[in-house]
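Structure data follow from final.csv (CSV, C-alpha atoms):
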```csv
chain,number,residue,atom,x,y,z
A,1,MET,CA,-12.7,129.7,58.2
A,2,ASP,CA,-15.4,127.4,59.6
A,3,PHE,CA,-18.6,129.4,60.0
A,4,ARG,CA,-22.1,128.1,61.0
A,5,LEU,CA,-25.4,129.1,62.4
A,6,ALA,CA,-26.5,127.0,65.4
A,7,HIS,CA,-30.2,127.8,64.8
A,8,PRO,CA,-30.5,128.7,61.1
A,9,TRP,CA,-34.3,128.4,61.1
A,10,PHE,CA,-34.6,131.7,62.9
A,11,LEU,CA,-33.6,133.4,59.7
A,12,LEU,CA,-37.0,132.6,58.3
A,13,LEU,CA,-38.3,135.4,60.5
A,14,LEU,CA,-36.5,137.9,58.2
A,15,LEU,CA,-39.1,137.1,55.5
A,16,LEU,CA,-41.7,138.6,57.8
A,17,LEU,CA,-40.0,142.0,58.1
A,18,PRO,CA,-41.1,143.4,54.6
A,19,VAL,CA,-44.6,142.2,55.3
A,20,MET,CA,-44.7,143.9,58.7
A,21,ALA,CA,-43.3,147.1,57.2
A,22,ARG,CA,-45.9,147.2,54.4
A,23,LEU,CA,-48.8,146.6,56.9
A,24,ARG,CA,-47.5,149.4,59.1
A,25,ARG,CA,-47.3,151.8,56.2
A,26,ARG,CA,-50.9,151.0,55.3
A,27,ARG,CA,-52.3,151.4,58.8
A,28,ARG,CA,-50.3,154.6,59.6
A,29,GLY,CA,-52.4,157.7,58.9
A,30,ARG,CA,-51.4,161.3,59.2
A,31,PRO,CA,-53.3,162.8,62.2
A,32,ALA,CA,-55.0,166.1,61.6
A,33,PHE,CA,-54.6,169.0,64.0
A,34,LEU,CA,-55.7,172.7,63.6
A,35,TYR,CA,-53.1,175.4,64.2
A,36,SER,CA,-53.8,179.1,64.3
A,37,SER,CA,-50.9,179.7,62.0
A,38,VAL,CA,-48.7,177.5,59.8
A,39,ASN,CA,-45.7,179.5,61.0
A,40,LEU,CA,-46.0,177.6,64.3
A,41,VAL,CA,-45.1,174.3,62.6
A,42,ARG,CA,-42.9,175.5,59.8
A,43,GLY,CA,-39.9,173.1,59.5
A,44,ILE,CA,-41.6,170.4,61.4
A,45,SER,CA,-44.0,169.5,58.6
A,46,VAL,CA,-41.2,168.8,56.2
A,47,VAL,CA,-39.1,166.6,58.5
A,48,ASP,CA,-40.5,163.3,57.3
A,49,HIS,CA,-40.0,164.3,53.7
A,50,SER,CA,-36.2,164.7,54.0
A,51,PRO,CA,-33.9,161.9,52.6
A,52,LEU,CA,-32.1,161.6,55.9
A,53,TYR,CA,-35.3,161.0,57.7
A,54,LYS,CA,-36.4,158.3,55.3
A,55,VAL,CA,-33.1,156.5,55.7
A,56,LEU,CA,-33.0,156.8,59.5
A,57,ARG,CA,-36.6,155.6,59.9
A,58,LYS,CA,-35.4,152.2,58.8
A,59,ILE,CA,-33.2,151.9,61.9
A,60,ARG,CA,-35.7,149.9,63.9
A,61,TRP,CA,-36.1,147.4,61.0
A,62,LEU,CA,-32.4,147.0,60.7
A,63,ALA,CA,-32.2,146.4,64.5
A,64,LEU,CA,-34.9,143.8,64.3
A,65,ALA,CA,-33.1,142.1,61.5
A,66,LEU,CA,-29.9,142.0,63.5
A,67,LEU,CA,-31.7,140.6,66.5
A,68,ILE,CA,-33.1,137.8,64.3
A,69,VAL,CA,-29.5,137.0,63.1
A,70,GLY,CA,-28.5,136.9,66.8
A,71,LEU,CA,-31.2,134.4,67.5
A,72,ALA,CA,-29.7,132.2,64.8
A,73,ARG,CA,-26.5,132.1,66.8
A,74,PRO,CA,-23.6,132.7,64.3
A,75,GLN,CA,-20.5,130.8,65.4
A,76,GLN,CA,-16.9,130.6,64.1
A,77,GLY,CA,-14.8,127.5,64.3
A,78,ALA,CA,-12.0,127.7,66.8
A,79,GLY,CA,-10.1,124.6,65.9
A,80,GLN,CA,-10.2,120.9,66.8
A,81,ALA,CA,-10.1,119.7,70.4
A,82,THR,CA,-9.2,116.2,71.4
A,83,VAL,CA,-10.5,114.4,74.5
A,84,LYS,CA,-8.7,111.3,75.7
A,85,ALA,CA,-10.5,109.1,78.3
A,86,SER,CA,-7.9,106.9,80.0
A,87,GLY,CA,-10.3,104.6,81.8
A,88,ILE,CA,-8.0,104.6,84.9
A,89,ASP,CA,-9.5,104.9,88.4
A,90,ILE,CA,-7.0,105.8,91.1
A,91,VAL,CA,-7.3,106.1,94.9
A,92,VAL,CA,-4.4,107.5,96.9
A,93,SER,CA,-4.1,106.5,100.6
A,94,LEU,CA,-2.1,109.1,102.5
A,95,ASP,CA,-0.6,108.7,105.9
A,96,LEU,CA,-1.5,111.4,108.5
A,97,SER,CA,0.3,109.9,111.5
A,98,THR,CA,2.4,112.3,113.6
A,99,SER,CA,5.7,110.9,112.2
A,100,MET,CA,4.8,112.6,109.0
A,101,ARG,CA,5.8,115.9,110.8
A,102,SER,CA,9.5,114.9,110.3
A,103,GLU,CA,11.2,117.6,108.2
A,104,ASP,CA,13.6,115.5,106.1
A,105,PHE,CA,12.5,117.0,102.8
A,106,GLU,CA,13.3,120.4,101.1
A,107,LEU,CA,11.1,122.4,98.8
A,108,GLY,CA,12.3,125.7,97.3
A,109,GLY,CA,15.4,125.6,99.5
A,110,LYS,CA,13.3,125.4,102.7
A,111,ARG,CA,12.8,122.5,105.1
A,112,VAL,CA,9.3,120.9,104.8
A,113,ASN,CA,7.7,118.0,106.5
A,114,ARG,CA,6.7,114.7,104.9
A,115,LEU,CA,3.0,115.5,104.7
A,116,GLY,CA,3.7,118.9,103.1
A,117,ILE,CA,5.9,117.4,100.3
A,118,ALA,CA,3.5,114.5,99.8
A,119,LYS,CA,0.6,116.9,99.3
A,120,GLN,CA,2.6,119.1,96.9
A,121,VAL,CA,3.7,116.2,94.7
A,122,LEU,CA,0.3,114.6,94.8
A,123,ARG,CA,-1.2,118.0,93.6
A,124,GLU,CA,1.1,117.9,90.6
A,125,PHE,CA,0.2,114.3,89.8
A,126,ILE,CA,-3.5,115.1,89.9
A,127,ASP,CA,-2.9,118.1,87.5
A,128,LYS,CA,-1.2,115.8,85.0
A,129,ARG,CA,-4.1,113.4,84.8
A,130,PRO,CA,-7.2,115.5,84.1
A,131,ASN,CA,-9.2,112.6,82.5
A,132,ASP,CA,-8.8,110.1,85.4
A,133,ARG,CA,-11.1,109.6,88.2
A,134,ILE,CA,-9.0,110.0,91.4
A,135,GLY,CA,-10.1,109.5,95.0
A,136,LEU,CA,-8.3,110.1,98.3
A,137,VAL,CA,-8.2,108.2,101.6
A,138,ALA,CA,-6.5,109.6,104.7
A,139,PHE,CA,-5.4,107.3,107.5
A,140,ALA,CA,-3.6,107.2,110.9
A,141,ARG,CA,-5.1,104.8,113.5
A,142,ASN,CA,-8.3,104.8,111.4
A,143,ALA,CA,-8.9,105.4,107.7
A,144,TYR,CA,-11.6,107.6,106.2
A,145,VAL,CA,-12.5,108.6,102.7
A,146,VAL,CA,-11.6,112.2,101.9
A,147,ALA,CA,-13.0,112.1,98.4
A,148,PRO,CA,-14.4,109.3,96.3
A,149,PRO,CA,-13.0,108.7,92.8
A,150,THR,CA,-14.1,111.7,90.8
A,151,LEU,CA,-13.3,113.8,87.7
A,152,ASP,CA,-14.0,116.9,89.7
A,153,HIS,CA,-10.4,117.6,90.5
A,154,ASP,CA,-11.1,121.1,91.9
A,155,PHE,CA,-13.2,119.4,94.6
A,156,LEU,CA,-10.4,116.8,95.1
A,157,GLN,CA,-7.7,119.5,95.4
A,158,ALA,CA,-9.7,121.5,97.9
A,159,ASN,CA,-10.1,118.4,100.1
A,160,LEU,CA,-6.4,117.5,99.8
A,161,ALA,CA,-5.5,121.1,100.9
A,162,ARG,CA,-7.5,120.6,104.1
A,163,LEU,CA,-5.7,117.5,105.2
A,164,GLU,CA,-3.6,118.1,108.4
A,165,MET,CA,-2.1,115.8,111.0
A,166,GLY,CA,-4.3,115.4,114.1
A,167,LEU,CA,-7.5,114.9,112.2
A,168,VAL,CA,-7.4,111.2,113.0
A,169,GLU,CA,-6.2,109.5,116.2
A,170,ASP,CA,-2.5,108.7,115.9
A,171,GLY,CA,-1.3,105.4,114.6
A,172,THR,CA,-0.6,103.7,111.3
A,173,ALA,CA,-3.3,101.4,110.0
A,174,VAL,CA,-1.9,100.3,106.6
A,175,GLY,CA,-4.3,97.4,106.2
A,176,SER,CA,-7.3,99.6,107.0
A,177,ALA,CA,-6.1,102.3,104.6
A,178,LEU,CA,-5.8,99.8,101.8
A,179,SER,CA,-9.2,98.2,102.6
A,180,ALA,CA,-10.8,101.7,102.5
A,181,ALA,CA,-9.3,102.4,99.1
A,182,LEU,CA,-10.4,99.0,97.7
A,183,ASN,CA,-13.9,99.6,98.9
A,184,ARG,CA,-14.1,102.7,96.8
A,185,LEU,CA,-12.8,100.9,93.7
A,186,ARG,CA,-14.4,97.4,93.9
A,187,THR,CA,-17.8,98.7,92.6
A,188,ILE,CA,-16.2,100.6,89.7
A,189,SER,CA,-15.9,98.8,86.4
A,190,GLY,CA,-12.8,100.4,84.8
A,191,LYS,CA,-10.1,99.1,82.5
A,192,SER,CA,-7.5,99.8,85.1
A,193,ARG,CA,-7.8,100.4,88.8
A,194,ILE,CA,-4.9,101.2,91.1
A,195,VAL,CA,-4.1,102.3,94.6
A,196,ILE,CA,-1.2,104.5,95.6
A,197,LEU,CA,-0.4,104.0,99.3
A,198,MET,CA,2.0,106.4,101.0
A,199,THR,CA,3.3,105.8,104.5
A,200,ASP,CA,6.4,106.5,106.6
A,201,GLY,CA,5.9,103.8,109.3
A,202,GLN,CA,4.8,100.3,110.2
A,203,ASN,CA,1.4,98.9,110.6
A,204,ASN,CA,0.5,99.2,114.3
A,205,ALA,CA,-3.3,99.8,114.3
A,206,GLY,CA,-6.5,98.6,112.6
A,207,LYS,CA,-8.2,95.3,112.4
A,208,VAL,CA,-7.2,94.3,108.8
A,209,PRO,CA,-3.7,92.9,108.3
A,210,PRO,CA,-1.9,94.6,105.4
A,211,LEU,CA,-1.2,91.3,103.5
A,212,THR,CA,-4.8,90.2,103.9
A,213,ALA,CA,-5.9,93.5,102.3
A,214,ALA,CA,-3.3,92.8,99.5
A,215,GLU,CA,-4.8,89.5,98.8
A,216,ALA,CA,-8.2,91.2,98.5
A,217,ALA,CA,-6.7,93.7,96.0
A,218,HIS,CA,-5.2,90.8,94.0
A,219,ALA,CA,-8.6,89.1,93.9
A,220,LEU,CA,-10.3,92.3,92.7
A,221,GLY,CA,-7.6,92.8,90.0
A,222,ILE,CA,-6.5,96.1,91.6
A,223,LYS,CA,-2.8,97.0,91.5
A,224,VAL,CA,-1.2,98.7,94.5
A,225,TYR,CA,1.8,101.0,94.3
A,226,THR,CA,3.4,101.5,97.7
A,227,ILE,CA,5.7,104.4,98.6
A,228,GLY,CA,7.8,104.5,101.7
A,229,VAL,CA,8.2,108.2,102.6
A,230,GLY,CA,11.3,109.4,104.5
A,231,THR,CA,15.1,109.6,104.4
A,232,ARG,CA,17.3,106.8,105.6
A,233,GLY,CA,18.7,106.6,109.1
A,234,GLN,CA,17.4,109.5,111.3
A,235,ALA,CA,15.2,112.4,110.5
A,236,PRO,CA,14.6,115.7,112.4
A,237,ILE,CA,11.1,116.1,114.0
A,238,PRO,CA,10.0,119.4,115.5
A,239,VAL,CA,9.0,119.5,119.2
A,240,THR,CA,7.8,122.3,121.4
A,241,ASP,CA,9.6,122.8,124.7
A,242,ALA,CA,8.2,124.2,128.0
A,243,PHE,CA,8.7,127.8,126.8
A,244,GLY,CA,6.8,127.3,123.6
A,245,ARG,CA,9.9,127.3,121.4
A,246,THR,CA,10.3,124.9,118.5
A,247,ARG,CA,13.3,122.6,118.7
A,248,TYR,CA,14.3,119.5,116.7
A,249,ARG,CA,15.2,116.1,117.9
A,250,MET,CA,16.4,113.2,115.8
A,251,MET,CA,14.1,110.2,115.3
A,252,GLU,CA,14.8,106.9,113.7
A,253,VAL,CA,13.2,106.3,110.4
A,254,ASP,CA,11.2,103.1,110.7
A,255,ILE,CA,9.5,102.1,107.5
A,256,ASP,CA,8.3,98.5,107.1
A,257,GLU,CA,9.7,98.1,103.6
A,258,ASP,CA,9.3,94.3,103.5
A,259,THR,CA,5.5,94.5,104.0
A,260,LEU,CA,5.2,97.3,101.5
A,261,LYS,CA,7.2,95.3,98.9
A,262,GLN,CA,5.0,92.3,99.5
A,263,ILE,CA,1.8,94.3,99.0
A,264,ALA,CA,3.1,95.6,95.7
A,265,GLU,CA,4.3,92.2,94.5
A,266,ARG,CA,1.1,90.4,95.3
A,267,THR,CA,-1.0,92.9,93.4
A,268,GLY,CA,1.2,93.4,90.4
A,269,GLY,CA,2.3,96.9,91.4
A,270,ARG,CA,5.7,98.2,92.6
A,271,TYR,CA,7.3,99.5,95.7
A,272,PHE,CA,9.2,102.8,95.8
A,273,ARG,CA,11.4,104.5,98.4
A,274,ALA,CA,11.0,108.3,98.5
A,275,ASP,CA,14.0,109.7,100.5
A,276,SER,CA,14.1,113.2,98.8
A,277,THR,CA,11.8,115.6,97.0
A,278,ASP,CA,13.2,114.8,93.6
A,279,THR,CA,12.9,111.1,94.2
A,280,LEU,CA,9.2,111.4,95.2
A,281,ARG,CA,8.5,113.4,92.0
A,282,LYS,CA,10.3,110.8,89.9
A,283,ILE,CA,8.2,108.1,91.5
A,284,TYR,CA,4.9,109.8,90.6
A,285,ASP,CA,6.3,110.5,87.1
A,286,GLU,CA,7.1,106.8,86.7
A,287,ILE,CA,3.6,105.8,87.9
A,288,ASP,CA,2.2,108.3,85.5
A,289,ARG,CA,4.1,106.7,82.6
A,290,MET,CA,3.2,103.2,83.6
A,291,GLU,CA,-0.5,103.9,83.9
A,292,LYS,CA,-1.2,105.4,80.5
A,293,THR,CA,-4.0,103.2,79.0
A,294,GLU,CA,-6.0,105.5,76.8
A,295,ALA,CA,-9.2,103.8,75.9
A,296,GLU,CA,-11.0,106.3,73.8
A,297,VAL,CA,-10.2,109.4,71.8
A,298,LYS,CA,-12.8,111.9,70.7
A,299,GLU,CA,-12.4,114.9,68.5
A,300,TYR,CA,-14.8,117.7,68.2
A,301,GLN,CA,-14.9,121.2,66.7
A,302,ARG,CA,-14.8,124.0,69.1
A,303,TYR,CA,-16.8,127.1,68.2
A,304,ARG,CA,-16.7,130.7,69.3
A,305,GLU,CA,-20.0,132.5,69.7
A,306,LEU,CA,-20.5,135.6,67.5
A,307,MET,CA,-24.1,136.4,68.6
A,308,HIS,CA,-22.9,139.6,70.4
A,309,LEU,CA,-21.7,141.0,67.1
A,310,ALA,CA,-25.3,141.2,65.9
A,311,VAL,CA,-27.1,141.8,69.2
A,312,LEU,CA,-25.0,144.6,70.5
A,313,PRO,CA,-25.4,146.8,67.3
A,314,ALA,CA,-29.1,146.0,67.3
A,315,LEU,CA,-29.5,147.3,70.9
A,316,PHE,CA,-27.5,150.4,70.0
A,317,LEU,CA,-29.7,151.1,67.0
A,318,LEU,CA,-32.9,150.6,69.0
A,319,LEU,CA,-31.6,153.0,71.7
A,320,LEU,CA,-30.7,155.5,68.9
A,321,ASP,CA,-34.1,155.2,67.4
A,322,VAL,CA,-35.8,156.0,70.8
A,323,ILE,CA,-33.5,159.0,71.4
A,324,LEU,CA,-34.1,160.5,67.9
A,325,ASN,CA,-37.8,159.9,68.0
A,326,ASN,CA,-38.0,161.9,71.2
A,327,THR,CA,-35.7,164.7,70.1
A,328,VAL,CA,-35.0,165.7,66.5
A,329,TRP,CA,-37.7,163.4,65.0
A,330,ARG,CA,-40.3,164.3,67.5
A,331,ARG,CA,-43.6,164.8,65.7
A,332,LEU,CA,-46.5,167.0,66.7
A,333,PRO,CA,-49.9,165.3,66.7
```
Will you turn the file into structure tokens for me?
Amino acid sequence: MDFRLAHPWFLLLLLLLPVMARLRRRRRGRPAFLYSSVNLVRGISVVDHSPLYKVLRKIRWLALALLIVGLARPQQGAGQATVKASGIDIVVSLDLSTSMRSEDFELGGKRVNRLGIAKQVLREFIDKRPNDRIGLVAFARNAYVVAPPTLDHDFLQANLARLEMGLVEDGTAVGSALSAALNRLRTISGKSRIVILMTDGQNNAGKVPPLTAAEAAHALGIKVYTIGVGTRGQAPIPVTDAFGRTRYRMMEVDIDEDTLKQIAERTGGRYFRADSTDTLRKIYDEIDRMEKTEAEVKEYQRYRELMHLAVLPALFLLLLDVILNNTVWRRLP
């Protein structure tokens, strides 16, 4: 069992307790008081001569000793913990265009739209990489940074959960989305920097051509993994009729796979086609396997605090001392 004191020098205070007790005994005098009859104080006068009284009078000294031990912070080893820092910085660019409302995926036996399944699988991917800085860019006609690359994955997950279609004017600006992701990574000096770009359409907005953004990524040494989201052929998209009822109409799936493939090839990444929930999960699993570049491993001993085992009994003894001194040990002046 690995045991230690975080602040052992506090134990030197224990040496002062005998000195303090001796000084207290010297200074304590027995006060004199005249009574008309000794029968009035019979029994009281012999309390401090009983063996039990002498033992219990040491309670406060024991309590002080325990408090000093608590200040020394006793700790028990709780095993080795290993921290692996991967040195990988990731920015995910996620399409929020209205075509992402198409419900051509299933989750738990229920129909779900593309954005819903993209967010779910991305949440799982983030949970698997706790030591990576991950950022998030959302785009439609324009692109904006949802979260910069961060290790605060709770913050990242909270911002991911808030993403909904309609937050950005409709359109698909693939080049702008990639440029926004590159801007978040270009100032970061990491061993590996990657962008994961997910879209279900073709570039039809923005001022930056997708392949121009790809050339910039190549120059910066940033790999881009592109994912085309959507089934093949036609996909059902929900629409609301004049009576407020939700109906479905079939829409052609139009993913510019050639451009997405060229972006990936020019940057040393890969293109994937996600046409089902299982396929999308496998894509993220494959990216997870390919981007495992552990740069540093640290081991440290974890300790469990035992201070309360000394402090709580000390507080109890002090409380007991106060109670007894004002009841059964109460002395007349």
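Here atom CA of Lys282 of chain A and atom CA of Asp127 of chain A stand 15.3 Å from one another.
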>> Using Å and a single decimal, report how far atom CA of Gln76 of chain A sits from atom CA of Leu16 of chain A.
In response: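 Computed distance, atom CA of Leu16 of chain A to atom CA of Gln76 of chain A, equals 26.8 Å.
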Could you make a table, as JSON lines, of the residues of segment 82-116 of chain A that have an atom within 6 Å of an atom of segment 132-152 of chain A, each with its nearest atom pair and distance in Å to one decimal, counting all atoms listed in the file, in chain and number order?
```
{"residue": "A:Ile88", "atom": "CA", "partner": "A:Asp132", "partner_atom": "CA", "distance": 5.6}
{"residue": "A:Asp89", "atom": "CA", "partner": "A:Arg133", "partner_atom": "CA", "distance": 5.0}
{"residue": "A:Ile90", "atom": "CA", "partner": "A:Ile134", "partner_atom": "CA", "distance": 4.7}
{"residue": "A:Val91", "atom": "CA", "partner": "A:Gly135", "partner_atom": "CA", "distance": 4.4}
{"residue": "A:Val92", "atom": "CA", "partner": "A:Leu136", "partner_atom": "CA", "distance": 4.9}
{"residue": "A:Ser93", "atom": "CA", "partner": "A:Val137", "partner_atom": "CA", "distance": 4.5}
{"residue": "A:Leu94", "atom": "CA", "partner": "A:Ala138", "partner_atom": "CA", "distance": 4.9}
{"residue": "A:Asp95", "atom": "CA", "partner": "A:Phe139", "partner_atom": "CA", "distance": 5.2}
{"residue": "A:Leu96", "atom": "CA", "partner": "A:Ala140", "partner_atom": "CA", "distance": 5.3}
{"residue": "A:Ser97", "atom": "CA", "partner": "A:Ala140", "partner_atom": "CA", "distance": 4.8}
```
>> List the spatial neighbours of segment 105-119 of chain A as an NGL selection string - criterion: any atom at most 12 Å away, all atoms listed in the file, same-chain residues fewer than 5 positions off excluded.
In response: :A and (92-100 or 124-126 or 136 or 138 or 156-166 or 196-201 or 227-232 or 235-238 or 253 or 274-281 or 283-284)
> For Tyr303 of chain A, which residue out of A:Ile255, A:Leu5, A:Leu211, A:Ile194 is the nearest one, using only C-alpha atoms?
Replying inline: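 When distances to Tyr303 of chain A are compared using only C-alpha atoms, the smallest one comes from A:Leu5.
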> With all atoms listed in the file as the atoms that count, which of A:Leu306, A:Ala65, A:Ile59, A:Val174 lies nearest to Leu13 of chain A?
Replying inline: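 Closest to Leu13 of chain A of all the choices is A:Ala65.
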>> So the first atom is atom CA of Ala264 of chain A and the second is atom CA of Gly206 of chain A; what is the distance between them in Å, to one decimal place?
In response: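 If I compute the distance from atom CA of Ala264 of chain A to atom CA of Gly206 of chain A, I get 19.7 Å.
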>> At a cut-off of 8 Å, using all atoms listed in the file, what residues contact Gly268 of chain A? Leave out same-chain residues fewer than 6 positions from it and give the result as a list in words.
In response: His218, Lys223 and Val224 of chain A
> Smallest atom-to-atom distance to Ala213 of chain A: which of A:Arg247, A:Arg266, A:Arg101, A:Arg129, using all atoms listed in the file?
Replying inline: A:Arg266
> So, counting all atoms listed in the file, which residue among A:Asp258, A:Thr267, A:Gln234, A:Ser102 is closest to Leu178 of chain A?
Replying inline: A:Thr267
